[in-house]
Amino acid sequence: MLSFAVVTGALAALLSSTQPATAGSGQLDPPVDPLRGAAAETFLRTAEVVDQEPLATGVTRSWRLTLRQGDRQARAAWKTIDEYSHVQRFERGMPELGFRDTWKHEVAAYELDKILGLGVVPPTVERRIDGDLGALTLWIEDAMTEAGRREKGLDPPDQAQWNREIYNVRLFRQLTYDTDFRNINNLLVGSDFHVWAIDHSRAFRTREELLPAMELDRFSREVLDRLRALTEKELDRSLGRWLTGLQIRSLLKRRDRIVAAADRLIAERGETALF
């Protein structure tokens, strides 16, 4: 396993933007009975909205909502952006055809995370609030951005576990072709040093190649097995509500490239060095 210094050094080179996070409080205090899994999804779908405030940061015009159901109260990020550009021109790089920036990708990212068993995307559901359809993502309380962690000089207590989670995030960014991977403010660190990847609205591009400058050289055996087993039928059933057929087929093409790269590394180094 690579050392913490090597992994975080590589991450620093790969993640370098300034867009602030949209789902973290900026503090590292012990969480209180955090919602996760199916319980979180049910709460997000059914809890009453008791307060809301616009987020001053980010480009997707998101809101932070306070939800209440019975004795439980929690916050969530609310995103309704849904934009499509036939041709999108960025400051750097070639013009991109069929560019989408949409809340639908937030839900698709969470559902894909569940299929792969990564656990790096916060619980997210589709919901209609005040007539608007959007993605509601559980706010990760008592967390800070990766940028904040570095500024405070906080080292993870379990470096091997930290490395594994960083590798999973990198794989997920590659699989979804999320060009915001350079933004370390889109990486949250919980009080338990669990890593969370947020802001996926610009992911799921239709490129078939992998992102440059983000090599994959370590894998979870279980995740790689789940990657191999993905089928278009399964993804269409699970993600087709939020992704187009072209997006799903492009994702599978990138999956093929990731698996092929893993197989090459196994042949070169052996399984022990890879997993």
# chains A, B, ... in the order shown; residues from 1 in each chain; ligands from 1
>>> select_by_dssp(residues="region 170-224 of chain A", states="strand (DSSP E or B)", output="ChimeraX atom specification")
/A:187-189,195-197
>>> write_last_selection(atoms="N, CA and C atoms", output="PDB file, in the first residue's frame")
ATOM      1  N   LEU A 187     -14.444  17.431  -1.916  1.00  0.00           N
ATOM      2  CA  LEU A 187     -14.091  16.247  -1.134  1.00  0.00           C
ATOM      3  C   LEU A 187     -14.235  16.622   0.329  1.00  0.00           C
ATOM      4  N   LEU A 188     -15.151  15.953   1.033  1.00  0.00           N
ATOM      5  CA  LEU A 188     -15.382  16.227   2.444  1.00  0.00           C
ATOM      6  C   LEU A 188     -14.734  15.152   3.298  1.00  0.00           C
ATOM      7  N   VAL A 189     -14.277  15.562   4.476  1.00  0.00           N
ATOM      8  CA  VAL A 189     -13.669  14.651   5.434  1.00  0.00           C
ATOM      9  C   VAL A 189     -14.495  14.710   6.713  1.00  0.00           C
ATOM     10  N   VAL A 195     -14.224   9.668   3.908  1.00  0.00           N
ATOM     11  CA  VAL A 195     -14.159  10.588   2.776  1.00  0.00           C
ATOM     12  C   VAL A 195     -15.484  10.561   2.028  1.00  0.00           C
ATOM     13  N   TRP A 196     -16.003  11.749   1.715  1.00  0.00           N
ATOM     14  CA  TRP A 196     -17.249  11.892   0.967  1.00  0.00           C
ATOM     15  C   TRP A 196     -17.007  12.710  -0.298  1.00  0.00           C
ATOM     16  N   ALA A 197     -17.505  12.239  -1.412  1.00  0.00           N
ATOM     17  CA  ALA A 197     -17.433  12.972  -2.679  1.00  0.00           C
ATOM     18  C   ALA A 197     -18.780  13.637  -2.927  1.00  0.00           C
TER      19      ALA A 197
END
>>> residues_around(residues="Asp199 (chain A)", least_positions_apart="5", cutoff="12 Å", atoms="only C-alpha atoms", output="PyMOL selection string")
chain A and resi 19-24+58-62+77-79+81+101-110+120-122+124+135-137+139+173+178-181+183-188+204
>>> residues_around(residues="region 155-158 of chain A", least_positions_apart="3", cutoff="7 Å", atoms="only C-alpha atoms", output="list in words")
Gln161, Trp162 and Phe193 of chain A
>>> atom_distance(atom1="CA of Arg205 (chain A)", atom2="CA of Phe172 (chain A)")
13.0 Å
>>> residues_around(residues="Gln174 (chain A)", least_positions_apart="2", cutoff="8 Å", atoms="only C-alpha atoms", output="PyMOL selection string")
chain A and resi 170-172+176-178+210-211+214+254
>>> atom_distance(atom1="CA of Ile266 (chain A)", atom2="CA of Tyr167 (chain A)")
16.5 Å
>>> residues_around(residues="Phe219 (chain A)", least_positions_apart="6", cutoff="9 Å", atoms="only C-alpha atoms", output="number ranges by chain")
A: 164, 167-168, 171, 262, 274-275
